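Shown below: run17.cif, with mmCIF, N, CA and C atoms.
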data_data
#
loop_
_atom_site.label_atom_id
_atom_site.label_comp_id
_atom_site.auth_asym_id
_atom_site.auth_seq_id
_atom_site.Cartn_x
_atom_site.Cartn_y
_atom_site.Cartn_z
N MET S 22 -17.98 -2.83 -13.20
CA MET S 22 -17.38 -3.62 -12.14
C MET S 22 -16.25 -2.81 -11.47
N ALA S 23 -16.11 -2.96 -10.20
CA ALA S 23 -15.10 -2.21 -9.44
C ALA S 23 -13.69 -2.73 -9.74
N LYS S 24 -12.73 -1.82 -9.68
CA LYS S 24 -11.34 -2.19 -9.91
C LYS S 24 -10.50 -1.56 -8.81
N LYS S 25 -9.62 -2.37 -8.22
CA LYS S 25 -8.76 -1.92 -7.12
C LYS S 25 -7.40 -1.50 -7.68
N LEU S 26 -6.93 -0.34 -7.23
CA LEU S 26 -5.66 0.20 -7.67
C LEU S 26 -4.67 0.26 -6.53
N TYR S 27 -3.41 -0.04 -6.83
CA TYR S 27 -2.32 0.14 -5.89
C TYR S 27 -1.78 1.55 -6.08
N VAL S 28 -1.54 2.27 -4.99
CA VAL S 28 -0.98 3.62 -5.05
C VAL S 28 0.27 3.63 -4.17
N GLY S 29 1.43 3.75 -4.80
CA GLY S 29 2.69 3.70 -4.08
C GLY S 29 3.40 5.03 -4.05
N ASN S 30 4.42 5.12 -3.20
CA ASN S 30 5.25 6.29 -3.00
C ASN S 30 4.46 7.47 -2.43
N LEU S 31 3.55 7.16 -1.50
CA LEU S 31 2.76 8.21 -0.86
C LEU S 31 3.61 8.98 0.16
N SER S 32 3.31 10.23 0.29
CA SER S 32 3.93 11.07 1.31
C SER S 32 3.48 10.60 2.69
N TRP S 33 4.31 10.83 3.71
CA TRP S 33 3.91 10.45 5.08
C TRP S 33 2.67 11.23 5.51
N GLY S 34 2.45 12.40 4.93
CA GLY S 34 1.32 13.24 5.31
C GLY S 34 0.03 12.94 4.57
N THR S 35 0.07 12.06 3.58
CA THR S 35 -1.14 11.72 2.83
C THR S 35 -2.05 10.87 3.71
N THR S 36 -3.31 11.27 3.81
CA THR S 36 -4.29 10.54 4.62
C THR S 36 -5.25 9.80 3.70
N THR S 37 -6.02 8.91 4.31
CA THR S 37 -7.04 8.19 3.56
C THR S 37 -8.02 9.17 2.92
N GLU S 38 -8.39 10.19 3.66
CA GLU S 38 -9.35 11.17 3.15
C GLU S 38 -8.79 11.95 1.97
N SER S 39 -7.52 12.38 2.05
CA SER S 39 -6.94 13.15 0.95
C SER S 39 -6.72 12.27 -0.28
N LEU S 40 -6.41 10.99 -0.07
CA LEU S 40 -6.26 10.05 -1.18
C LEU S 40 -7.61 9.85 -1.89
N LYS S 41 -8.66 9.65 -1.10
CA LYS S 41 -9.99 9.48 -1.67
C LYS S 41 -10.43 10.73 -2.43
N GLU S 42 -10.16 11.89 -1.85
CA GLU S 42 -10.55 13.15 -2.49
C GLU S 42 -9.85 13.32 -3.84
N ALA S 43 -8.56 13.00 -3.90
CA ALA S 43 -7.81 13.15 -5.15
C ALA S 43 -8.37 12.25 -6.24
N PHE S 44 -8.63 10.99 -5.91
CA PHE S 44 -9.09 10.03 -6.92
C PHE S 44 -10.56 10.24 -7.29
N SER S 45 -11.34 10.84 -6.41
CA SER S 45 -12.77 11.04 -6.71
C SER S 45 -12.99 12.09 -7.80
N GLN S 46 -11.95 12.81 -8.20
CA GLN S 46 -12.05 13.73 -9.32
C GLN S 46 -12.38 12.99 -10.62
N LEU S 47 -12.02 11.72 -10.70
CA LEU S 47 -12.17 10.95 -11.93
C LEU S 47 -13.34 9.97 -11.91
N GLY S 48 -14.02 9.85 -10.80
CA GLY S 48 -15.15 8.93 -10.71
C GLY S 48 -15.41 8.54 -9.27
N GLU S 49 -16.38 7.67 -9.10
CA GLU S 49 -16.78 7.25 -7.75
C GLU S 49 -15.73 6.34 -7.13
N VAL S 50 -15.30 6.71 -5.93
CA VAL S 50 -14.35 5.90 -5.16
C VAL S 50 -15.17 5.13 -4.13
N THR S 51 -15.16 3.80 -4.21
CA THR S 51 -15.92 3.01 -3.25
C THR S 51 -15.13 2.73 -1.98
N GLU S 52 -13.79 2.76 -2.10
CA GLU S 52 -12.95 2.54 -0.92
C GLU S 52 -11.57 3.14 -1.17
N ALA S 53 -11.00 3.72 -0.15
CA ALA S 53 -9.62 4.21 -0.20
C ALA S 53 -9.00 3.96 1.16
N ILE S 54 -7.75 3.54 1.14
CA ILE S 54 -7.07 3.28 2.41
C ILE S 54 -5.57 3.51 2.24
N VAL S 55 -4.98 4.19 3.22
CA VAL S 55 -3.54 4.33 3.32
C VAL S 55 -3.11 3.31 4.36
N MET S 56 -2.17 2.45 4.00
CA MET S 56 -1.73 1.40 4.91
C MET S 56 -0.87 2.01 6.02
N ILE S 57 -1.16 1.60 7.25
CA ILE S 57 -0.50 2.15 8.44
C ILE S 57 0.34 1.06 9.11
N ASP S 58 1.55 1.41 9.51
CA ASP S 58 2.43 0.50 10.24
C ASP S 58 1.90 0.32 11.66
N LYS S 59 1.76 -0.91 12.10
CA LYS S 59 1.19 -1.20 13.42
C LYS S 59 2.09 -0.72 14.56
N MET S 60 3.39 -0.78 14.37
CA MET S 60 4.33 -0.43 15.44
C MET S 60 4.48 1.08 15.61
N THR S 61 4.59 1.80 14.51
CA THR S 61 4.86 3.23 14.58
C THR S 61 3.61 4.09 14.39
N ASN S 62 2.53 3.48 13.91
CA ASN S 62 1.27 4.18 13.62
C ASN S 62 1.47 5.27 12.56
N ARG S 63 2.46 5.07 11.68
CA ARG S 63 2.72 5.98 10.57
C ARG S 63 2.37 5.28 9.26
N SER S 64 2.20 6.08 8.22
CA SER S 64 1.93 5.54 6.90
C SER S 64 3.07 4.63 6.47
N ARG S 65 2.73 3.57 5.75
CA ARG S 65 3.75 2.68 5.20
C ARG S 65 4.17 3.14 3.81
N GLY S 66 3.56 4.25 3.32
CA GLY S 66 3.97 4.81 2.04
C GLY S 66 3.21 4.27 0.84
N PHE S 67 2.18 3.47 1.09
CA PHE S 67 1.36 2.99 -0.01
C PHE S 67 -0.06 2.80 0.45
N GLY S 68 -0.95 2.63 -0.50
CA GLY S 68 -2.35 2.43 -0.18
C GLY S 68 -3.09 1.84 -1.36
N PHE S 69 -4.40 1.74 -1.22
CA PHE S 69 -5.25 1.16 -2.26
C PHE S 69 -6.48 2.02 -2.44
N VAL S 70 -6.92 2.14 -3.69
CA VAL S 70 -8.13 2.87 -4.03
C VAL S 70 -8.97 1.95 -4.90
N THR S 71 -10.25 1.78 -4.55
CA THR S 71 -11.17 1.00 -5.36
C THR S 71 -12.11 1.95 -6.07
N MET S 72 -12.07 1.91 -7.39
CA MET S 72 -12.93 2.75 -8.22
C MET S 72 -14.16 1.95 -8.60
N ALA S 73 -15.31 2.62 -8.72
CA ALA S 73 -16.58 1.95 -8.98
C ALA S 73 -16.64 1.29 -10.35
N ASP S 74 -15.98 1.87 -11.35
CA ASP S 74 -16.03 1.24 -12.67
C ASP S 74 -14.65 1.24 -13.32
N ASP S 75 -14.48 0.34 -14.27
CA ASP S 75 -13.19 0.13 -14.91
C ASP S 75 -12.69 1.35 -15.67
N ALA S 76 -13.59 2.08 -16.33
CA ALA S 76 -13.18 3.25 -17.11
C ALA S 76 -12.59 4.32 -16.19
N ALA S 77 -13.20 4.54 -15.05
CA ALA S 77 -12.67 5.52 -14.09
C ALA S 77 -11.33 5.06 -13.55
N ALA S 78 -11.18 3.77 -13.30
CA ALA S 78 -9.92 3.23 -12.80
C ALA S 78 -8.81 3.40 -13.83
N ASP S 79 -9.11 3.11 -15.09
CA ASP S 79 -8.12 3.28 -16.15
C ASP S 79 -7.72 4.74 -16.30
N ALA S 80 -8.69 5.64 -16.18
CA ALA S 80 -8.42 7.08 -16.25
C ALA S 80 -7.55 7.51 -15.07
N ALA S 81 -7.79 6.95 -13.89
CA ALA S 81 -7.00 7.28 -12.70
C ALA S 81 -5.56 6.83 -12.86
N VAL S 82 -5.35 5.64 -13.42
CA VAL S 82 -3.98 5.16 -13.66
C VAL S 82 -3.28 6.10 -14.64
N ALA S 83 -3.98 6.45 -15.71
CA ALA S 83 -3.39 7.33 -16.72
C ALA S 83 -3.04 8.70 -16.15
N LYS S 84 -3.91 9.23 -15.30
CA LYS S 84 -3.68 10.57 -14.76
C LYS S 84 -2.67 10.60 -13.62
N PHE S 85 -2.77 9.66 -12.67
CA PHE S 85 -1.98 9.75 -11.44
C PHE S 85 -0.65 9.02 -11.48
N ASN S 86 -0.46 8.02 -12.34
CA ASN S 86 0.82 7.32 -12.39
C ASN S 86 1.90 8.29 -12.87
N GLY S 87 2.87 8.56 -12.03
CA GLY S 87 3.94 9.50 -12.35
C GLY S 87 3.63 10.94 -11.99
N SER S 88 2.42 11.21 -11.52
CA SER S 88 2.06 12.58 -11.16
C SER S 88 2.40 12.85 -9.69
N ASP S 89 2.32 14.11 -9.31
CA ASP S 89 2.70 14.55 -7.98
C ASP S 89 1.48 14.65 -7.06
N LEU S 90 1.59 14.09 -5.85
CA LEU S 90 0.57 14.26 -4.81
C LEU S 90 1.31 14.48 -3.50
N ASP S 91 1.05 15.61 -2.87
CA ASP S 91 1.70 15.97 -1.60
C ASP S 91 3.22 15.93 -1.69
N GLY S 92 3.76 16.33 -2.84
CA GLY S 92 5.21 16.42 -3.00
C GLY S 92 5.90 15.13 -3.38
N ARG S 93 5.17 14.08 -3.68
CA ARG S 93 5.78 12.80 -4.07
C ARG S 93 5.23 12.35 -5.41
N GLN S 94 6.08 11.72 -6.23
CA GLN S 94 5.67 11.21 -7.53
C GLN S 94 5.07 9.82 -7.33
N LEU S 95 3.78 9.68 -7.63
CA LEU S 95 3.05 8.44 -7.36
C LEU S 95 3.35 7.33 -8.36
N THR S 96 3.20 6.11 -7.87
CA THR S 96 3.17 4.92 -8.71
C THR S 96 1.76 4.36 -8.57
N VAL S 97 1.03 4.30 -9.68
CA VAL S 97 -0.35 3.82 -9.65
C VAL S 97 -0.52 2.76 -10.72
N ASN S 98 -1.02 1.60 -10.30
CA ASN S 98 -1.34 0.53 -11.24
C ASN S 98 -2.41 -0.37 -10.65
N GLU S 99 -2.90 -1.28 -11.47
CA GLU S 99 -3.94 -2.19 -10.99
C GLU S 99 -3.34 -3.10 -9.93
N ALA S 100 -4.06 -3.23 -8.82
CA ALA S 100 -3.58 -4.07 -7.71
C ALA S 100 -3.62 -5.53 -8.12
N ARG S 101 -2.61 -6.26 -7.69
CA ARG S 101 -2.55 -7.71 -7.94
C ARG S 101 -2.88 -8.44 -6.65
N PRO S 102 -3.43 -9.63 -6.76
CA PRO S 102 -3.72 -10.39 -5.53
C PRO S 102 -2.44 -10.70 -4.77
N ARG S 103 -2.57 -10.71 -3.46
CA ARG S 103 -1.43 -11.02 -2.62
C ARG S 103 -1.01 -12.46 -2.85
N GLU S 104 0.28 -12.68 -3.02
CA GLU S 104 0.77 -14.03 -3.27
C GLU S 104 0.82 -14.82 -1.96
N ASP S 105 0.43 -16.08 -2.04
CA ASP S 105 0.52 -16.95 -0.87
C ASP S 105 1.99 -17.25 -0.60
N ARG S 106 2.35 -17.19 0.65
CA ARG S 106 3.72 -17.49 1.04
C ARG S 106 3.77 -18.89 1.63
N PRO S 107 4.67 -19.73 1.15
CA PRO S 107 4.79 -21.07 1.73
C PRO S 107 5.20 -20.98 3.19
N GLN S 108 4.66 -21.84 4.02
CA GLN S 108 4.91 -21.79 5.46
C GLN S 108 6.37 -22.03 5.82
N GLY S 109 7.06 -22.91 5.13
CA GLY S 109 8.43 -23.25 5.49
C GLY S 109 9.48 -22.33 4.93
N GLU S 110 9.12 -21.26 4.25
CA GLU S 110 10.08 -20.41 3.56
C GLU S 110 10.58 -19.24 4.38
N ARG S 111 10.14 -19.10 5.61
CA ARG S 111 10.57 -17.96 6.42
C ARG S 111 11.99 -18.16 6.92
N ALA S 112 12.62 -17.06 7.27
CA ALA S 112 13.97 -17.13 7.83
C ALA S 112 13.91 -17.80 9.19
N PRO S 113 14.92 -18.57 9.53
CA PRO S 113 14.90 -19.25 10.84
C PRO S 113 14.98 -18.24 11.97
N ARG S 114 14.30 -18.58 13.05
CA ARG S 114 14.33 -17.71 14.23
C ARG S 114 15.65 -17.90 14.95
N ARG S 115 16.14 -16.82 15.55
CA ARG S 115 17.38 -16.89 16.31
C ARG S 115 17.09 -17.44 17.69
N ASN S 116 17.94 -18.28 18.15
CA ASN S 116 17.80 -18.87 19.47
C ASN S 116 18.77 -18.17 20.42
N PHE S 117 18.24 -17.45 21.39
CA PHE S 117 19.08 -16.73 22.33
C PHE S 117 19.31 -17.52 23.62
N ASP S 118 18.82 -18.75 23.69
CA ASP S 118 18.99 -19.55 24.90
C ASP S 118 20.40 -20.09 25.03
N ASP S 119 21.08 -20.29 23.92
CA ASP S 119 22.40 -20.88 23.94
C ASP S 119 23.46 -19.83 23.56
N ARG S 120 23.52 -18.79 24.36
CA ARG S 120 24.47 -17.71 24.07
C ARG S 120 25.86 -18.11 24.57
N ARG S 121 26.81 -17.75 23.75
CA ARG S 121 28.21 -18.00 24.15
C ARG S 121 28.92 -16.66 24.14
N PHE S 122 29.47 -16.33 25.25
CA PHE S 122 30.13 -15.02 25.38
C PHE S 122 31.61 -15.17 25.38
#
Once more with this new file: its structure as structure tokens, please.
Amino acid sequence: MAKKLYVGNLSWGTTTESLKEAFSQLGEVTEAIVMIDKMTNRSRGFGFVTMADDAAADAAVAKFNGSDLDGRQLTVNEARPREDRPQGERAPRRNFDDRRF
């Protein structure tokens, strides 16, 4: 069964292709992605790698967690599901209609 890994502390120069290439040394990579900021179109410094089987994923965590890739020490662990955020918990929006100078 496939297992998704979180890969943190990526270098700005790390690409999806280089991330996939690094992890494919340990087994089949079914998906790799470096998360990109929509506003700046730069890496957000983290990504995800999906390994085809659990043994390869466990080996990848053991090998890459704390190791160096493109000059940065990686944080690699099993990805957790994104937590649902309650709708009413966001910070209030600022109202600029009632400015007092």
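Residues of chain S that DSSP places in alpha helix (DSSP H), based on the backbone of this structure, are Thr37, Glu38, Ser39, Leu40, Lys41, Glu42, Ala43, Phe44, Asp75, Ala76, Ala77, Ala78, Asp79, Ala80, Ala81, Val82, Ala83, Lys84 and Phe85 of chain S.
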Report the residues retrieved by the PyMOL selection byres ((chain S and resi 27) around 8) from the displayed file, expressed as a PDB file with N, CA and C atoms, keeping the file's coordinate frame.
ATOM      1  N   LYS S  24     -12.730  -1.820  -9.680  1.00  0.00           N
ATOM      2  CA  LYS S  24     -11.340  -2.190  -9.910  1.00  0.00           C
ATOM      3  C   LYS S  24     -10.500  -1.560  -8.810  1.00  0.00           C
ATOM      4  N   LYS S  25      -9.620  -2.370  -8.220  1.00  0.00           N
ATOM      5  CA  LYS S  25      -8.760  -1.920  -7.120  1.00  0.00           C
ATOM      6  C   LYS S  25      -7.400  -1.500  -7.680  1.00  0.00           C
ATOM      7  N   LEU S  26      -6.930  -0.340  -7.230  1.00  0.00           N
ATOM      8  CA  LEU S  26      -5.660   0.200  -7.670  1.00  0.00           C
ATOM      9  C   LEU S  26      -4.670   0.260  -6.530  1.00  0.00           C
ATOM     10  N   VAL S  28      -1.540   2.270  -4.990  1.00  0.00           N
ATOM     11  CA  VAL S  28      -0.980   3.620  -5.050  1.00  0.00           C
ATOM     12  C   VAL S  28       0.270   3.630  -4.170  1.00  0.00           C
ATOM     13  N   GLY S  29       1.430   3.750  -4.800  1.00  0.00           N
ATOM     14  CA  GLY S  29       2.690   3.700  -4.080  1.00  0.00           C
ATOM     15  C   GLY S  29       3.400   5.030  -4.050  1.00  0.00           C
ATOM     16  N   ASN S  30       4.420   5.120  -3.200  1.00  0.00           N
ATOM     17  CA  ASN S  30       5.250   6.290  -3.000  1.00  0.00           C
ATOM     18  C   ASN S  30       4.460   7.470  -2.430  1.00  0.00           C
ATOM     19  N   PHE S  67       2.180   3.470   1.090  1.00  0.00           N
ATOM     20  CA  PHE S  67       1.360   2.990  -0.010  1.00  0.00           C
ATOM     21  C   PHE S  67      -0.060   2.800   0.450  1.00  0.00           C
ATOM     22  N   GLY S  68      -0.950   2.630  -0.500  1.00  0.00           N
ATOM     23  CA  GLY S  68      -2.350   2.430  -0.180  1.00  0.00           C
ATOM     24  C   GLY S  68      -3.090   1.840  -1.360  1.00  0.00           C
ATOM     25  N   PHE S  69      -4.400   1.740  -1.220  1.00  0.00           N
ATOM     26  CA  PHE S  69      -5.250   1.160  -2.260  1.00  0.00           C
ATOM     27  C   PHE S  69      -6.480   2.020  -2.440  1.00  0.00           C
ATOM     28  N   VAL S  70      -6.920   2.140  -3.690  1.00  0.00           N
ATOM     29  CA  VAL S  70      -8.130   2.870  -4.030  1.00  0.00           C
ATOM     30  C   VAL S  70      -8.970   1.950  -4.900  1.00  0.00           C
ATOM     31  N   THR S  71     -10.250   1.780  -4.550  1.00  0.00           N
ATOM     32  CA  THR S  71     -11.170   1.000  -5.360  1.00  0.00           C
ATOM     33  C   THR S  71     -12.110   1.950  -6.070  1.00  0.00           C
ATOM     34  N   THR S  96       3.200   6.110  -7.870  1.00  0.00           N
ATOM     35  CA  THR S  96       3.170   4.920  -8.710  1.00  0.00           C
ATOM     36  C   THR S  96       1.760   4.360  -8.570  1.00  0.00           C
ATOM     37  N   VAL S  97       1.030   4.300  -9.680  1.00  0.00           N
ATOM     38  CA  VAL S  97      -0.350   3.820  -9.650  1.00  0.00           C
ATOM     39  C   VAL S  97      -0.520   2.760 -10.720  1.00  0.00           C
ATOM     40  N   ASN S  98      -1.020   1.600 -10.300  1.00  0.00           N
ATOM     41  CA  ASN S  98      -1.340   0.530 -11.240  1.00  0.00           C
ATOM     42  C   ASN S  98      -2.410  -0.370 -10.650  1.00  0.00           C
ATOM     43  N   GLU S  99      -2.900  -1.280 -11.470  1.00  0.00           N
ATOM     44  CA  GLU S  99      -3.940  -2.190 -10.990  1.00  0.00           C
ATOM     45  C   GLU S  99      -3.340  -3.100  -9.930  1.00  0.00           C
ATOM     46  N   ALA S 100      -4.060  -3.230  -8.820  1.00  0.00           N
ATOM     47  CA  ALA S 100      -3.580  -4.070  -7.710  1.00  0.00           C
ATOM     48  C   ALA S 100      -3.620  -5.530  -8.120  1.00  0.00           C
ATOM     49  N   ARG S 101      -2.610  -6.260  -7.690  1.00  0.00           N
ATOM     50  CA  ARG S 101      -2.550  -7.710  -7.940  1.00  0.00           C
ATOM     51  C   ARG S 101      -2.880  -8.440  -6.650  1.00  0.00           C
TER      52      ARG S 101
END
Picked residues, the PyMOL selection byres ((chain S and resi 73) around 6.5), as a list in words: Met22, Ala23, Lys24, Gly48, Glu49, Val50, Thr51, Thr71, Met72, Asp74, Asp75 and Ala78 of chain S
Two-atom distance - atom CA of Glu38 of chain S, atom CA of Phe85 of chain S (Å):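 Between atom CA of Glu38 of chain S and atom CA of Phe85 of chain S the gap is 16.4 Å.
In this model, the gap between atom N of Leu47 of chain S and atom C of Ser64 of chain S comes to 23.9 Å.
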Residue nearest Glu52 of chain S among S:Leu90, S:Ala77, S:Leu40, S:Val82 (counting only N, CA and C atoms):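 Answer, going by the shortest atom-to-atom distance: S:Leu40.
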Atom CA of Ala53 of chain S to atom CA of Lys41 of chain S, distance in Å rounded to a single decimal: 5.5 Å
Per-residue DSSP, chain S, filtered to strand (DSSP E), as a ChimeraX atom specification: /S:24-29,50-57,64-72,89-90,93-94,96-99
Incomplete segment 54-79 of chain S filled out to N, CA, C and O atoms as a PDB file, keeping the file's coordinate frame:
ATOM      1  N   ILE S  54      -7.750   3.540   1.140  1.00  0.00           N
ATOM      2  CA  ILE S  54      -7.070   3.280   2.410  1.00  0.00           C
ATOM      3  C   ILE S  54      -5.570   3.510   2.240  1.00  0.00           C
ATOM      4  O   ILE S  54      -4.982   3.126   1.246  1.00  0.00           O
ATOM      5  N   VAL S  55      -4.980   4.190   3.220  1.00  0.00           N
ATOM      6  CA  VAL S  55      -3.540   4.330   3.320  1.00  0.00           C
ATOM      7  C   VAL S  55      -3.110   3.310   4.360  1.00  0.00           C
ATOM      8  O   VAL S  55      -3.623   3.288   5.480  1.00  0.00           O
ATOM      9  N   MET S  56      -2.170   2.450   4.000  1.00  0.00           N
ATOM     10  CA  MET S  56      -1.730   1.400   4.910  1.00  0.00           C
ATOM     11  C   MET S  56      -0.870   2.010   6.020  1.00  0.00           C
ATOM     12  O   MET S  56       0.020   2.814   5.762  1.00  0.00           O
ATOM     13  N   ILE S  57      -1.160   1.600   7.250  1.00  0.00           N
ATOM     14  CA  ILE S  57      -0.500   2.150   8.440  1.00  0.00           C
ATOM     15  C   ILE S  57       0.340   1.060   9.110  1.00  0.00           C
ATOM     16  O   ILE S  57      -0.102  -0.074   9.268  1.00  0.00           O
ATOM     17  N   ASP S  58       1.550   1.410   9.510  1.00  0.00           N
ATOM     18  CA  ASP S  58       2.430   0.500  10.240  1.00  0.00           C
ATOM     19  C   ASP S  58       1.900   0.320  11.660  1.00  0.00           C
ATOM     20  O   ASP S  58       1.630   1.304  12.351  1.00  0.00           O
ATOM     21  N   LYS S  59       1.760  -0.910  12.100  1.00  0.00           N
ATOM     22  CA  LYS S  59       1.190  -1.200  13.420  1.00  0.00           C
ATOM     23  C   LYS S  59       2.090  -0.720  14.560  1.00  0.00           C
ATOM     24  O   LYS S  59       1.601  -0.323  15.614  1.00  0.00           O
ATOM     25  N   MET S  60       3.390  -0.780  14.370  1.00  0.00           N
ATOM     26  CA  MET S  60       4.330  -0.430  15.440  1.00  0.00           C
ATOM     27  C   MET S  60       4.480   1.080  15.610  1.00  0.00           C
ATOM     28  O   MET S  60       4.524   1.570  16.724  1.00  0.00           O
ATOM     29  N   THR S  61       4.590   1.800  14.510  1.00  0.00           N
ATOM     30  CA  THR S  61       4.860   3.230  14.580  1.00  0.00           C
ATOM     31  C   THR S  61       3.610   4.090  14.390  1.00  0.00           C
ATOM     32  O   THR S  61       3.648   5.284  14.648  1.00  0.00           O
ATOM     33  N   ASN S  62       2.530   3.480  13.910  1.00  0.00           N
ATOM     34  CA  ASN S  62       1.270   4.180  13.620  1.00  0.00           C
ATOM     35  C   ASN S  62       1.470   5.270  12.560  1.00  0.00           C
ATOM     36  O   ASN S  62       0.745   6.239  12.544  1.00  0.00           O
ATOM     37  N   ARG S  63       2.460   5.070  11.680  1.00  0.00           N
ATOM     38  CA  ARG S  63       2.720   5.980  10.570  1.00  0.00           C
ATOM     39  C   ARG S  63       2.370   5.280   9.260  1.00  0.00           C
ATOM     40  O   ARG S  63       2.307   4.056   9.191  1.00  0.00           O
ATOM     41  N   SER S  64       2.200   6.080   8.220  1.00  0.00           N
ATOM     42  CA  SER S  64       1.930   5.540   6.900  1.00  0.00           C
ATOM     43  C   SER S  64       3.070   4.630   6.470  1.00  0.00           C
ATOM     44  O   SER S  64       4.241   4.900   6.755  1.00  0.00           O
ATOM     45  N   ARG S  65       2.730   3.570   5.750  1.00  0.00           N
ATOM     46  CA  ARG S  65       3.750   2.680   5.200  1.00  0.00           C
ATOM     47  C   ARG S  65       4.170   3.140   3.810  1.00  0.00           C
ATOM     48  O   ARG S  65       5.007   2.523   3.170  1.00  0.00           O
ATOM     49  N   GLY S  66       3.560   4.250   3.320  1.00  0.00           N
ATOM     50  CA  GLY S  66       3.970   4.810   2.040  1.00  0.00           C
ATOM     51  C   GLY S  66       3.210   4.270   0.840  1.00  0.00           C
ATOM     52  O   GLY S  66       3.568   4.582  -0.289  1.00  0.00           O
ATOM     53  N   PHE S  67       2.180   3.470   1.090  1.00  0.00           N
ATOM     54  CA  PHE S  67       1.360   2.990  -0.010  1.00  0.00           C
ATOM     55  C   PHE S  67      -0.060   2.800   0.450  1.00  0.00           C
ATOM     56  O   PHE S  67      -0.345   2.814   1.645  1.00  0.00           O
ATOM     57  N   GLY S  68      -0.950   2.630  -0.500  1.00  0.00           N
ATOM     58  CA  GLY S  68      -2.350   2.430  -0.180  1.00  0.00           C
ATOM     59  C   GLY S  68      -3.090   1.840  -1.360  1.00  0.00           C
ATOM     60  O   GLY S  68      -2.482   1.478  -2.377  1.00  0.00           O
ATOM     61  N   PHE S  69      -4.400   1.740  -1.220  1.00  0.00           N
ATOM     62  CA  PHE S  69      -5.250   1.160  -2.260  1.00  0.00           C
ATOM     63  C   PHE S  69      -6.480   2.020  -2.440  1.00  0.00           C
ATOM     64  O   PHE S  69      -7.007   2.572  -1.470  1.00  0.00           O
ATOM     65  N   VAL S  70      -6.920   2.140  -3.690  1.00  0.00           N
ATOM     66  CA  VAL S  70      -8.130   2.870  -4.030  1.00  0.00           C
ATOM     67  C   VAL S  70      -8.970   1.950  -4.900  1.00  0.00           C
ATOM     68  O   VAL S  70      -8.475   1.374  -5.872  1.00  0.00           O
ATOM     69  N   THR S  71     -10.250   1.780  -4.550  1.00  0.00           N
ATOM     70  CA  THR S  71     -11.170   1.000  -5.360  1.00  0.00           C
ATOM     71  C   THR S  71     -12.110   1.950  -6.070  1.00  0.00           C
ATOM     72  O   THR S  71     -12.836   2.703  -5.418  1.00  0.00           O
ATOM     73  N   MET S  72     -12.070   1.910  -7.390  1.00  0.00           N
ATOM     74  CA  MET S  72     -12.930   2.750  -8.220  1.00  0.00           C
ATOM     75  C   MET S  72     -14.160   1.950  -8.600  1.00  0.00           C
ATOM     76  O   MET S  72     -14.092   0.737  -8.803  1.00  0.00           O
ATOM     77  N   ALA S  73     -15.310   2.620  -8.720  1.00  0.00           N
ATOM     78  CA  ALA S  73     -16.580   1.950  -8.980  1.00  0.00           C
ATOM     79  C   ALA S  73     -16.640   1.290 -10.350  1.00  0.00           C
ATOM     80  O   ALA S  73     -17.277   0.258 -10.510  1.00  0.00           O
ATOM     81  N   ASP S  74     -15.980   1.870 -11.350  1.00  0.00           N
ATOM     82  CA  ASP S  74     -16.030   1.240 -12.670  1.00  0.00           C
ATOM     83  C   ASP S  74     -14.650   1.240 -13.320  1.00  0.00           C
ATOM     84  O   ASP S  74     -13.778   2.021 -12.972  1.00  0.00           O
ATOM     85  N   ASP S  75     -14.480   0.340 -14.270  1.00  0.00           N
ATOM     86  CA  ASP S  75     -13.190   0.130 -14.910  1.00  0.00           C
ATOM     87  C   ASP S  75     -12.690   1.350 -15.670  1.00  0.00           C
ATOM     88  O   ASP S  75     -11.497   1.641 -15.674  1.00  0.00           O
ATOM     89  N   ALA S  76     -13.590   2.080 -16.330  1.00  0.00           N
ATOM     90  CA  ALA S  76     -13.180   3.250 -17.110  1.00  0.00           C
ATOM     91  C   ALA S  76     -12.590   4.320 -16.190  1.00  0.00           C
ATOM     92  O   ALA S  76     -11.560   4.930 -16.529  1.00  0.00           O
ATOM     93  N   ALA S  77     -13.200   4.540 -15.050  1.00  0.00           N
ATOM     94  CA  ALA S  77     -12.670   5.520 -14.090  1.00  0.00           C
ATOM     95  C   ALA S  77     -11.330   5.060 -13.550  1.00  0.00           C
ATOM     96  O   ALA S  77     -10.416   5.878 -13.357  1.00  0.00           O
ATOM     97  N   ALA S  78     -11.180   3.770 -13.300  1.00  0.00           N
ATOM     98  CA  ALA S  78      -9.920   3.230 -12.800  1.00  0.00           C
ATOM     99  C   ALA S  78      -8.810   3.400 -13.830  1.00  0.00           C
ATOM    100  O   ALA S  78      -7.696   3.811 -13.492  1.00  0.00           O
ATOM    101  N   ASP S  79      -9.110   3.110 -15.090  1.00  0.00           N
ATOM    102  CA  ASP S  79      -8.120   3.280 -16.150  1.00  0.00           C
ATOM    103  C   ASP S  79      -7.720   4.740 -16.300  1.00  0.00           C
ATOM    104  O   ASP S  79      -6.549   5.065 -16.506  1.00  0.00           O
TER     105      ASP S  79
END
